[in-house]
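First comes the structure, then the notes that go with it.
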Amino acid sequence: MQAALDGIRIVDLTEWMYGSLGTRYLADMGADVIKVESLQGDPSRDLKAVRRRTQKKLPDCKWNYYFECNNRNKRGVALDIKAEDGRQILYKLVEAADVFATTYDMRTLRELGLDYDSLSKVNGKLIYARSSGWGPNGPDVDKPVLDALTEARAGNMSRIGEPGQPPVYTATGEPTAAIDLAYATMMALFHRLRSGEGQEVDVSLFGANILFENYNLEVYMGTEAEVMANQIARKAAGNPLFNMYPTKDRWVYMCMMQTDRWWPNLVKAMGKPELATDPRFESHQKMCGESRSDAINILDEVLPAKTAEEWFGEDVRKEIELIVTPINSYADLYDDPQASDNDYIVEYEHPSFGKMKLMGFPAQFTETPPAIKIPAPKLGEHTQEILAELGYSRDDVGEFIERNIVL
Amino acid sequence: MKLPLEGIKVLDFSVWMFGSVGAAHLADMGAEVIKVENPQGGDPGRGLLSSGVVPLVEWNMYFGNNNRNKKSLAINLYDDRGREVIYKLAEKTDVFTSNMQRDPLQRMKVDYPTLSRINPKIIYAIASGFGRYGPARDYPAHDTDGQSRAGIMTTLGEPGQPPIYTGSATGDAVGALTLAWAIVTALFHRERTGVGQEVDTSLFGAQVMFEAGTLQPYLATRDPALTKQQSRKDAHNPLYNIYPAKDKWIFLAMVEEERFWDNFCKGLGKPELANDARFDTHKKRCGESRRALIDLLNGLLPTKTVSDWLEGWKELGLIAEPVNSFKELYEDPQAINNEYIVQYAHPNFQKPKPMMGFPAQFSKTPGKIQAPEPMLGQHTEEILIDIGYSWEDIGALKTDNVIL
């Protein structure tokens with residue numbers, strides 16, 4: 001077993017989730033990710049600040065789960081990059097690095113001499129990976145941004161939920177933008193391995209939220225059909241067997257699009273085999289056409305009588321093939337072996353806080369499996385070690401500490 | 001080298017969306033992607049328009065988006081001669097990818113043990129429904145199945161409303177990006193060490209991943225509030241919430257405590273509110289006067305359109321966005337300038353086709369749509385010639401329906 005990114009060094013000037021989680025995916029694969037923070041630290045070290053930014057009533061906890069999730073496996077340096085000497089240290093880091101990742105805005109980066117032009121002079125082969133809110137181009141590049149605003153503008157929010165209900169913010173943009181950053185960085189690293197050429201890559205929350213919409217958006221663009229862009233009532237679903245229904249204890253999602261194939265199985269499982277020969281439902285056309293409401297109403301009437309497990313559990317499905325999935329809550333997911341067996345959720349023994357459940361890894365690799373080797377760094381935890389690696393003497397470091405250049 | 005994946009050969013055994021889009025990302029970045037399809041109709045996604053699932057138009061935009069830049073090899077994999085072609089291709093293939101299940105792949109004898117015997121350096125990438133392991137590993141799954149199990153749906157929407165499916169095959173989209181990331185990571189490792197491997201991603205895994213914002217706090221605290229729907233009528237900060245305007249909804253996102261209030265009152269055309277004792281501190285606005293303020297905004301914001309409101313708010317530094325529909329996004333210069341949406345001069349049509357663009361920008365090696373989606377079996381002959389088959393061989397294979 002090896003780490004795929006062994007020996008790859010990433011200077012990580014990111015904050016919050018969308019950038020920091022991106023480099024964390026690479027840290028999980030073995031990259032040496034050096035998180036560079038100000039002397040006050042990444043604002044998300046303070047759960048209050050995370051609450052403010054996400055406007056979520058995040059509960060108290062003895063450890064900062066947000067910061068831990070986004071920054072495990074990284075080493076930490078605290079540096080005043082606004083000071084000339086601090087910047088020199090950063091340049092030295094960049095010189096010895098493969099990737100520079102940042103979520104800072106362009107103006108700040110230019111002012112600090114940390115834009116691609118400046119850093120590629122320090123390291124001609126550098127991969128410069130930027131995560132922004134709105135993308136690097138366009139009229140709204142500098143607009144203030146929170147993920148919710150980019151999701152609002154991207155179009156999906158207004159088409160989900162029941163008609164007449166408010167649009168729904170899913171808050172999935174940041175992790176998506178993070179895997180996007182990881183993807184773009186790996187693509188650039190691979191290119192550089194073969195060509196020697198570094199470059200700048202850019203991803204954004206807005207871009208991630210657009211990518212996320214692919215099916216409905218691409219069909220909408222191809223047809224300009226309102227139905228792809230609007231809310232659709234459950235009761236008006238185009239295909240009764242591609243829809244959600246309430247059972248006694250929870251909702252279930254049916255995904256059996258070829259209705260003529262699946263309807264007999266479904267009605268058998270529902271204890272209503274006579275419906276298999278009911279002329280209203282004898283063809284896919286009728287099922288998705290004139291008899292649509294009837295089918296939906298029947299399911300709505302019958303299914304609340306039993307629980308999802310009673311209707312569609314293992315023993316039923318052993319006899320009758322069906323594609324129906326109970327709609328779970330996070331409480332169900334917590335102990336779901338499907339999540340833990342695949343390491344989508346993992347248990348980690350934190351050296352300070354003990355056993356904890358963390359977001360795991362989104363993919364499996366047979367030769368280079370990801371792993372959690374070290375927890376998220378304390379502020380400036382590795383400053384001295386890293387400065388020593390760069391060739392600074394203990395006296396240098398002592399002086400920097402005194403002058404508040406480093407922590 | 002113009003594109004990062006130039007010279008990389010991919011055998012794409014995908015159908016529908018998840019695996020296809022993952023391979024399309026690689027094709028966009030210059031890989032030679034051969035889509036392997038059965039000769040009777042090929043990828044079922046080719047039939048989407050005729051199935052009535054989407055409105056009938058001249059171009060199958062679903063198949064077109066998911067398979068741009070690829071070649072098509074239409075071949076019968078239940079015939080030894082068909083498999084021989086694949087095995088010959090496998091010798092020089094860098095990546096095998098599929099969102100079919102391991103069982104059918106084994107029946108077609110294109111499983112990992114078989115292909116890695118031919119080419120030990122191959123990267124074998126599977127995109128499944130629920131993951132490689134676990135009790136549901138063999139369950140067929142579409143996007144809704146993965147998302148239903150992942151838990152997010154029960155947190156979305158107004159309390160009492162049904163759970164909400166994000167739609168848009170978001171698991172496919174994010175799963176495809178994850179698949180592409182995993183493949184490039186494996187390629188990177190192989191370039192440095194010569195070692196190939198298997199890689200696994202899934203719809204369920206991608207959707208668990210993108211819930212991190214609410215799931216990680218839940219995993220840490222098991223606070224039941226995190227599993228529930230939250231009403232916008234109950235938003236704990238009235239200035240971070242959705243409201244109906246005259247023409248569409250608007251998302252206010254002013255999170256810093258005291259910074260915006262005075263200007264916001266001006267922007268509402270109600271400067272006197274700034275002195276209203278009910279609302280003059282953040283604490284009150286988010287506390288005792290919360291519902292009153294939400295009600296007030298619910299009553300006031302519908303009196304103007306979103307663009308009228310935003311026009312008046314430009315100078316005041318207020319932060320809000322319209323809740324757009326795809327209609328507006330389609331023409332949004334912010335999306336177009338960043339190539340998140342692109343217009344492709346599709347050779348088969350007079351007018352350019354709007355398509356999904358690229359997930360990232362690269363300053364030296366930007367992604368490109370260089371070729372449209374292939375017709376079924378369009379490149380079969382060229383591919384066979386390339387690996388040494390003669391025209392006679394090809395004729396015989398056609399006669400015997402091994403190829404199209």
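Labels used: A, B, ... for chains in the order of the structure tokens, numbers from 1 for residues in each chain, and numbers from 1 for ligands as shown.
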How would you write, as a compact mmCIF listing (two decimals) with C-alpha atoms, in the first residue's frame, the set of residues in range 110-319 of chain A that DSSP gives as helix (DSSP H, G or I)?
```txt
# COMPACT_ATOMS: atom_id res chain seq x y z
CA ARG A 110 -2.68 40.88 -6.04
CA GLU A 111 -2.08 43.33 -3.21
CA TYR A 116 -0.47 33.50 -10.09
CA ASP A 117 1.82 35.91 -11.92
CA SER A 118 3.79 36.63 -8.76
CA LEU A 119 3.97 33.08 -7.48
CA SER A 120 4.81 31.51 -10.81
CA LYS A 121 7.91 33.71 -10.77
CA VAL A 122 8.87 32.13 -7.46
CA ASP A 147 -22.93 29.52 -1.02
CA ALA A 148 -26.66 30.21 -0.66
CA LEU A 149 -26.44 33.09 -3.09
CA THR A 150 -24.75 31.00 -5.74
CA GLU A 151 -27.27 28.22 -5.31
CA ALA A 152 -30.09 30.77 -5.60
CA ARG A 153 -28.71 32.07 -8.85
CA ALA A 154 -28.00 28.64 -10.31
CA MET A 157 -33.71 25.90 -5.83
CA SER A 158 -36.74 27.25 -7.59
CA ARG A 159 -37.69 23.92 -9.12
CA GLY A 173 -22.43 23.54 -2.98
CA GLU A 174 -19.40 23.64 -0.73
CA PRO A 175 -18.56 19.93 -0.68
CA THR A 176 -19.23 19.84 -4.43
CA ALA A 177 -16.90 22.75 -5.05
CA ALA A 178 -14.36 20.94 -2.87
CA ILE A 179 -14.31 17.74 -4.93
CA ASP A 180 -14.21 20.02 -7.97
CA LEU A 181 -11.03 21.64 -6.63
CA ALA A 182 -9.51 18.23 -5.91
CA TYR A 183 -10.36 17.10 -9.45
CA ALA A 184 -8.88 20.17 -11.12
CA THR A 185 -5.74 20.04 -8.99
CA MET A 186 -5.15 16.37 -9.79
CA MET A 187 -5.68 17.03 -13.48
CA ALA A 188 -3.09 19.80 -13.37
CA LEU A 189 -0.68 17.65 -11.36
CA PHE A 190 -0.99 14.84 -13.89
CA HIS A 191 -0.42 17.23 -16.75
CA ARG A 192 2.63 18.62 -15.06
CA LEU A 193 4.03 15.16 -14.40
CA ARG A 194 3.99 14.46 -18.12
CA SER A 195 4.79 17.87 -19.55
CA LEU A 205 -19.25 27.65 -5.80
CA PHE A 206 -21.40 29.00 -8.61
CA GLY A 207 -19.81 26.54 -11.05
CA ALA A 208 -20.27 23.66 -8.65
CA ASN A 209 -23.93 24.51 -8.14
CA ILE A 210 -24.44 24.60 -11.89
CA LEU A 211 -22.64 21.30 -12.46
CA ASN A 214 -26.83 18.59 -14.90
CA TYR A 215 -29.81 16.47 -15.90
CA ASN A 216 -32.58 19.00 -15.52
CA LEU A 217 -30.46 21.86 -16.76
CA GLU A 218 -29.18 20.15 -19.87
CA VAL A 219 -32.66 18.95 -20.78
CA TYR A 220 -34.09 22.38 -20.11
CA MET A 221 -31.46 23.98 -22.34
CA GLY A 222 -32.22 21.45 -25.05
CA THR A 223 -36.00 21.71 -24.93
CA GLU A 226 -40.99 24.64 -18.49
CA VAL A 227 -41.56 21.27 -16.89
CA MET A 228 -37.79 20.83 -16.48
CA ARG A 234 -46.08 14.70 -6.24
CA LYS A 235 -49.69 14.20 -7.14
CA ALA A 236 -48.89 15.26 -10.70
CA THR A 259 -44.04 0.64 -15.41
CA ASP A 260 -45.24 -2.34 -17.45
CA ARG A 261 -42.32 -4.34 -16.12
CA TRP A 262 -42.66 -3.36 -12.47
CA TRP A 263 -46.36 -2.72 -11.82
CA PRO A 264 -47.28 -6.42 -11.42
CA ASN A 265 -44.47 -6.85 -8.87
CA LEU A 266 -45.47 -3.75 -6.97
CA VAL A 267 -49.14 -4.62 -6.69
CA LYS A 268 -48.23 -8.15 -5.65
CA ALA A 269 -46.08 -6.72 -2.86
CA PRO A 273 -52.51 -8.54 -7.36
CA GLU A 274 -55.82 -7.89 -9.08
CA LEU A 275 -54.54 -4.45 -10.07
CA ALA A 276 -52.06 -6.15 -12.37
CA THR A 277 -54.87 -6.84 -14.79
CA PRO A 279 -57.39 -2.22 -17.64
CA ARG A 280 -56.59 1.28 -16.39
CA PHE A 281 -52.99 0.25 -15.86
CA HIS A 284 -47.13 2.19 -19.82
CA GLN A 285 -48.94 4.80 -21.90
CA LYS A 286 -52.06 4.60 -19.80
CA MET A 287 -50.12 4.43 -16.55
CA ARG A 292 -51.78 8.61 -13.70
CA SER A 293 -53.82 10.20 -10.92
CA ASP A 294 -55.61 6.95 -10.23
CA ALA A 295 -52.33 5.11 -9.74
CA ILE A 296 -50.88 7.82 -7.52
CA ASN A 297 -54.04 7.98 -5.44
CA ILE A 298 -54.12 4.21 -4.97
CA LEU A 299 -50.55 4.20 -3.74
CA ASP A 300 -51.22 7.18 -1.47
CA GLU A 301 -54.21 5.35 0.01
CA VAL A 302 -52.68 1.92 0.47
CA LEU A 303 -49.12 2.54 1.56
CA PRO A 304 -49.70 4.40 4.85
CA ALA A 305 -51.15 1.18 6.30
CA ALA A 308 -41.58 0.80 4.81
CA GLU A 309 -39.86 -2.25 6.23
CA GLU A 310 -43.11 -4.23 6.30
CA TRP A 311 -43.92 -3.34 2.70
CA PHE A 312 -40.49 -3.45 1.09
CA GLU A 314 -35.45 -7.74 2.77
CA ASP A 315 -37.85 -10.69 3.02
CA VAL A 316 -40.30 -9.13 0.60
CA ARG A 317 -37.58 -8.29 -1.87
CA LYS A 318 -36.15 -11.78 -1.73
CA GLU A 319 -39.42 -12.94 -3.31
```
Legend entry - Long-range neighbours of range 283-289 of chain B as a ChimeraX atom specification, 7 Å cut-off, only C-alpha atoms, 5 positions minimum in chain: /B:236-238,278
Inset, instruction - Pick out the closest residue to chain A from this set: B:Asp295, B:Glu198, B:Asp308, B:Asp276. Count only C-alpha atoms. - result: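 Among B:Asp295, B:Glu198, B:Asp308, B:Asp276, it is B:Glu198 that comes nearest to chain A.
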Legend entry - Best match for closeness to chain A among B:Gln207, B:Ser168, B:Thr155, B:Ser202, counting only C-alpha atoms: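 So, comparing all the options, the nearest one is B:Ser168.
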Legend entry - Minimum-distance residue to Val201 in chain A, chosen among B:Trp391, B:Phe264, B:Phe358, B:Phe349 (using only C-alpha atoms):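 Between B:Trp391, B:Phe264, B:Phe358, B:Phe349, the residue approaching Val201 in chain A most closely is B:Phe358.
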Inset, instruction - Would you please work out which residue, of A:Met106, A:Leu379, A:Ile232, A:Ile405, is nearest to Pro136 in chain A when using only C-alpha atoms? - result: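 Checking each candidate against Pro136 in chain A, we get A:Met106 as the closest.
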Inset, instruction - Determine the nearest neighbour of Thr303 in chain B from the options B:Tyr243, B:Asn76, B:Lys368, B:Thr97, counting only C-alpha atoms. - result: B:Tyr243
Output as JSON lines one row per residue of chain B within 6 Å of chain A: the closest atom pair and its distance in Å to one decimal place, counting only C-alpha atoms, sorted by chain and residue number ascending.
```
{"residue": "B:Pro4", "atom": "CA", "partner": "A:His191", "partner_atom": "CA", "distance": 4.5}
{"residue": "B:Met61", "atom": "CA", "partner": "A:Gly222", "partner_atom": "CA", "distance": 5.7}
{"residue": "B:Tyr133", "atom": "CA", "partner": "A:Asn342", "partner_atom": "CA", "distance": 5.7}
{"residue": "B:Gly134", "atom": "CA", "partner": "A:Gln338", "partner_atom": "CA", "distance": 4.6}
{"residue": "B:Asp145", "atom": "CA", "partner": "A:Thr325", "partner_atom": "CA", "distance": 5.4}
{"residue": "B:Ser148", "atom": "CA", "partner": "A:Ile327", "partner_atom": "CA", "distance": 4.3}
{"residue": "B:Arg149", "atom": "CA", "partner": "A:Asn328", "partner_atom": "CA", "distance": 5.1}
{"residue": "B:Gly151", "atom": "CA", "partner": "A:Ser329", "partner_atom": "CA", "distance": 4.3}
{"residue": "B:Thr154", "atom": "CA", "partner": "A:Ser329", "partner_atom": "CA", "distance": 5.8}
{"residue": "B:Gly157", "atom": "CA", "partner": "A:Val168", "partner_atom": "CA", "distance": 6.0}
{"residue": "B:Ile164", "atom": "CA", "partner": "A:Gly161", "partner_atom": "CA", "distance": 5.7}
{"residue": "B:Ser168", "atom": "CA", "partner": "A:Asn216", "partner_atom": "CA", "distance": 4.6}
{"residue": "B:Ala169", "atom": "CA", "partner": "A:Tyr215", "partner_atom": "CA", "distance": 5.7}
{"residue": "B:Thr170", "atom": "CA", "partner": "A:Phe212", "partner_atom": "CA", "distance": 5.1}
{"residue": "B:Ala173", "atom": "CA", "partner": "A:Phe212", "partner_atom": "CA", "distance": 5.5}
{"residue": "B:Trp181", "atom": "CA", "partner": "A:Tyr183", "partner_atom": "CA", "distance": 4.4}
{"residue": "B:Phe188", "atom": "CA", "partner": "A:Phe190", "partner_atom": "CA", "distance": 5.4}
{"residue": "B:His189", "atom": "CA", "partner": "A:Ala4", "partner_atom": "CA", "distance": 5.1}
{"residue": "B:Gln197", "atom": "CA", "partner": "A:Glu367", "partner_atom": "CA", "distance": 5.8}
{"residue": "B:Glu198", "atom": "CA", "partner": "A:Thr366", "partner_atom": "CA", "distance": 5.4}
{"residue": "B:Val199", "atom": "CA", "partner": "A:Phe365", "partner_atom": "CA", "distance": 4.6}
{"residue": "B:Asp200", "atom": "CA", "partner": "A:Gln364", "partner_atom": "CA", "distance": 4.9}
{"residue": "B:Thr201", "atom": "CA", "partner": "A:Ala363", "partner_atom": "CA", "distance": 4.8}
{"residue": "B:Gly205", "atom": "CA", "partner": "A:Pro362", "partner_atom": "CA", "distance": 5.7}
{"residue": "B:Phe210", "atom": "CA", "partner": "A:Pro175", "partner_atom": "CA", "distance": 5.0}
{"residue": "B:Glu211", "atom": "CA", "partner": "A:Thr172", "partner_atom": "CA", "distance": 5.9}
{"residue": "B:Leu219", "atom": "CA", "partner": "A:Lys357", "partner_atom": "CA", "distance": 5.7}
{"residue": "B:Thr227", "atom": "CA", "partner": "A:Tyr330", "partner_atom": "CA", "distance": 5.7}
{"residue": "B:Glu321", "atom": "CA", "partner": "A:Leu149", "partner_atom": "CA", "distance": 5.6}
{"residue": "B:Val323", "atom": "CA", "partner": "A:Ala152", "partner_atom": "CA", "distance": 4.4}
{"residue": "B:Asn324", "atom": "CA", "partner": "A:Gly155", "partner_atom": "CA", "distance": 4.8}
{"residue": "B:Ser325", "atom": "CA", "partner": "A:Gly155", "partner_atom": "CA", "distance": 4.1}
{"residue": "B:Phe326", "atom": "CA", "partner": "A:Gly155", "partner_atom": "CA", "distance": 4.8}
{"residue": "B:Gln334", "atom": "CA", "partner": "A:Gly138", "partner_atom": "CA", "distance": 4.8}
{"residue": "B:Asn337", "atom": "CA", "partner": "A:Gly138", "partner_atom": "CA", "distance": 5.2}
{"residue": "B:Asn338", "atom": "CA", "partner": "A:Asn137", "partner_atom": "CA", "distance": 5.6}
{"residue": "B:Tyr340", "atom": "CA", "partner": "A:Gly207", "partner_atom": "CA", "distance": 5.9}
{"residue": "B:Ala360", "atom": "CA", "partner": "A:Val203", "partner_atom": "CA", "distance": 4.9}
{"residue": "B:Gln361", "atom": "CA", "partner": "A:Asp202", "partner_atom": "CA", "distance": 5.0}
{"residue": "B:Phe362", "atom": "CA", "partner": "A:Val201", "partner_atom": "CA", "distance": 4.6}
{"residue": "B:Ser363", "atom": "CA", "partner": "A:Glu200", "partner_atom": "CA", "distance": 5.2}
{"residue": "B:Lys364", "atom": "CA", "partner": "A:Gln199", "partner_atom": "CA", "distance": 5.9}
```
Would you put the residues from that selection into a file with N, CA and C atoms, as a CSV table (one decimal), in the first residue's frame?
```
chain,number,residue,atom,x,y,z
B,4,PRO,N,-4.3,17.7,-20.8
B,4,PRO,CA,-3.7,16.8,-19.8
B,4,PRO,C,-3.8,15.4,-20.1
B,61,MET,N,-30.3,15.7,-26.2
B,61,MET,CA,-29.3,16.5,-25.5
B,61,MET,C,-28.8,15.8,-24.3
B,133,TYR,N,-19.0,-2.3,-1.2
B,133,TYR,CA,-19.2,-3.2,-0.1
B,133,TYR,C,-20.6,-2.9,0.5
B,134,GLY,N,-20.9,-3.6,1.6
B,134,GLY,CA,-22.1,-3.3,2.3
B,134,GLY,C,-23.3,-4.1,1.9
B,145,ASP,N,-32.5,6.6,-5.4
B,145,ASP,CA,-32.2,5.6,-4.4
B,145,ASP,C,-31.0,6.0,-3.6
B,148,SER,N,-32.1,8.9,-1.4
B,148,SER,CA,-33.0,8.6,-0.3
B,148,SER,C,-32.3,8.0,0.9
B,149,ARG,N,-31.4,7.1,0.6
B,149,ARG,CA,-30.7,6.5,1.7
B,149,ARG,C,-29.7,7.4,2.4
B,151,GLY,N,-30.0,10.5,3.4
B,151,GLY,CA,-30.6,11.2,4.5
B,151,GLY,C,-30.9,12.7,4.3
B,154,THR,N,-34.8,14.3,4.0
B,154,THR,CA,-35.7,14.6,5.1
B,154,THR,C,-35.4,15.9,5.8
B,157,GLY,N,-37.0,21.4,2.9
B,157,GLY,CA,-38.4,21.8,2.7
B,157,GLY,C,-39.1,22.2,4.0
B,164,ILE,N,-37.7,16.3,0.2
B,164,ILE,CA,-37.5,16.8,-1.1
B,164,ILE,C,-36.3,16.2,-1.8
B,168,SER,N,-32.5,16.7,-10.7
B,168,SER,CA,-31.4,17.0,-11.5
B,168,SER,C,-30.3,15.9,-11.6
B,169,ALA,N,-30.6,14.7,-11.0
B,169,ALA,CA,-29.6,13.7,-11.0
B,169,ALA,C,-28.3,14.2,-10.4
B,170,THR,N,-28.4,14.9,-9.3
B,170,THR,CA,-27.3,15.5,-8.6
B,170,THR,C,-26.3,14.5,-8.2
B,173,ALA,N,-24.2,13.7,-11.1
B,173,ALA,CA,-23.3,14.8,-11.4
B,173,ALA,C,-22.1,14.8,-10.5
B,181,TRP,N,-12.1,12.4,-10.6
B,181,TRP,CA,-11.0,12.7,-9.7
B,181,TRP,C,-10.3,11.5,-9.3
B,188,PHE,N,-2.2,9.3,-11.9
B,188,PHE,CA,-1.0,10.0,-11.4
B,188,PHE,C,-0.1,9.0,-10.7
B,189,HIS,N,-0.7,8.2,-9.8
B,189,HIS,CA,0.0,7.2,-9.1
B,189,HIS,C,0.7,6.3,-10.0
B,197,GLN,N,-4.6,0.0,-10.5
B,197,GLN,CA,-5.5,-0.4,-9.4
B,197,GLN,C,-7.0,-0.3,-9.8
B,198,GLU,N,-7.8,-0.8,-8.8
B,198,GLU,CA,-9.2,-0.6,-8.9
B,198,GLU,C,-9.6,0.6,-8.1
B,199,VAL,N,-10.7,1.3,-8.6
B,199,VAL,CA,-11.2,2.5,-8.0
B,199,VAL,C,-12.7,2.4,-7.9
B,200,ASP,N,-13.3,2.7,-6.8
B,200,ASP,CA,-14.8,2.6,-6.7
B,200,ASP,C,-15.4,3.9,-6.2
B,201,THR,N,-16.5,4.3,-6.9
B,201,THR,CA,-17.3,5.4,-6.4
B,201,THR,C,-18.7,5.0,-6.5
B,205,GLY,N,-22.3,7.2,-2.2
B,205,GLY,CA,-21.1,7.8,-1.6
B,205,GLY,C,-21.0,9.3,-1.9
B,210,PHE,N,-21.8,15.1,-0.3
B,210,PHE,CA,-22.2,16.5,-0.4
B,210,PHE,C,-23.1,17.0,0.7
B,211,GLU,N,-23.5,16.1,1.6
B,211,GLU,CA,-24.3,16.5,2.7
B,211,GLU,C,-23.4,17.0,3.9
B,219,LEU,N,-23.0,13.8,12.9
B,219,LEU,CA,-22.2,12.7,13.3
B,219,LEU,C,-21.5,13.0,14.6
B,227,THR,N,-31.6,16.8,11.8
B,227,THR,CA,-32.2,15.9,10.9
B,227,THR,C,-33.5,16.4,10.4
B,321,GLU,N,-29.6,37.8,-3.6
B,321,GLU,CA,-29.6,37.3,-5.0
B,321,GLU,C,-31.1,36.9,-5.3
B,323,VAL,N,-33.7,34.3,-6.6
B,323,VAL,CA,-33.8,32.8,-6.8
B,323,VAL,C,-34.2,32.6,-8.2
B,324,ASN,N,-33.2,32.3,-9.0
B,324,ASN,CA,-33.5,32.2,-10.5
B,324,ASN,C,-34.0,30.9,-10.8
B,325,SER,N,-34.5,30.8,-12.1
B,325,SER,CA,-34.9,29.5,-12.6
B,325,SER,C,-33.8,29.3,-13.7
B,326,PHE,N,-33.9,28.1,-14.3
B,326,PHE,CA,-33.0,27.8,-15.4
B,326,PHE,C,-33.1,28.8,-16.5
B,334,GLN,N,-22.5,35.4,-16.1
B,334,GLN,CA,-21.6,34.9,-15.1
B,334,GLN,C,-21.4,33.4,-15.4
B,337,ASN,N,-19.5,33.4,-19.2
B,337,ASN,CA,-18.1,33.8,-19.2
B,337,ASN,C,-17.2,32.8,-18.5
B,338,ASN,N,-17.7,32.0,-17.6
B,338,ASN,CA,-16.9,31.0,-17.0
B,338,ASN,C,-17.0,29.6,-17.6
B,340,TYR,N,-19.4,27.6,-17.6
B,340,TYR,CA,-20.1,26.6,-16.9
B,340,TYR,C,-21.2,26.1,-17.8
B,360,ALA,N,-14.1,23.1,-14.3
B,360,ALA,CA,-13.0,24.0,-13.8
B,360,ALA,C,-12.3,24.6,-15.0
B,361,GLN,N,-11.6,25.7,-14.7
B,361,GLN,CA,-10.8,26.4,-15.8
B,361,GLN,C,-9.4,26.1,-15.6
B,362,PHE,N,-8.7,25.9,-16.7
B,362,PHE,CA,-7.3,25.6,-16.7
B,362,PHE,C,-6.6,26.7,-17.6
B,363,SER,N,-5.6,27.4,-17.0
B,363,SER,CA,-5.1,28.5,-17.8
B,363,SER,C,-4.3,28.0,-19.0
B,364,LYS,N,-3.7,26.8,-18.9
B,364,LYS,CA,-2.9,26.3,-20.1
B,364,LYS,C,-3.5,25.2,-20.8
```
Legend entry - Per-residue DSSP, range 182-324 of chain B, filtered to strand (DSSP E), as JSON, numbers by chain: {"B": [197, 198, 199, 200, 201, 202, 240, 241, 242, 243, 244, 249, 250, 251, 252, 253, 320, 321, 322]}
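Using only C-alpha atoms for every distance, the candidate list A:Asp46, A:Asp98, A:Glu84, A:Glu385 yields A:Asp98 as the residue closest to Asp32 in chain A.
Computed from the coordinates, the CA of Glu381 in chain A to CA of Val77 in chain A distance equals 6.5 Å.
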Inset, instruction - Extract, using only C-alpha atoms, all DNA, RNA and protein residues at most 8 Å from Pro120 in chain B, discarding same-chain residues fewer than 5 positions from it, and format them as a PyMOL selection string. - result: chain B and resi 115+195-196
Restricting the output to C-alpha atoms, write the selected residues as a JSON list (two decimals), in the first residue's frame.
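Result written to result-v2.json:
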```json
[["chain", "number", "residue", "atom", "x", "y", "z"],
["B", 115, "LEU", "CA", -8.40, -7.35, -17.85],
["B", 195, "VAL", "CA", 1.09, 0.43, -10.52],
["B", 196, "GLY", "CA", -2.53, 0.23, -11.70]]
```
Inset, instruction - Can you work out the spacing between CA of Met209 in chain B and CA of Leu179 in chain B in Å, to one decimal? - result: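 We find that CA of Met209 in chain B and CA of Leu179 in chain B lie 12.9 Å from each other.
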Inset, instruction - Excluding Asn66 in chain B and any residue of its chain fewer than 6 positions from it, enumerate the residues within 7 Å of it, using only C-alpha atoms, and give them as number ranges by chain. - result: B: 17, 20-21, 24
For the residues selected in the previous step, produce a file with C-alpha atoms as a compact mmCIF listing (two decimals), in the first residue's frame.
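To be explicit, this is the file written out as part03.txt:
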```
# COMPACT_ATOMS: atom_id res chain seq x y z
CA MET B 17 -25.51 9.08 -16.81
CA SER B 20 -20.90 8.31 -18.93
CA VAL B 21 -20.45 11.79 -17.48
CA ALA B 24 -16.95 12.66 -20.59
```
Inset, instruction - One decimal, Å: what's the distance from CA of Lys71 in chain B over to CA of Val110 in chain B, could you say? - result: 19.0 Å
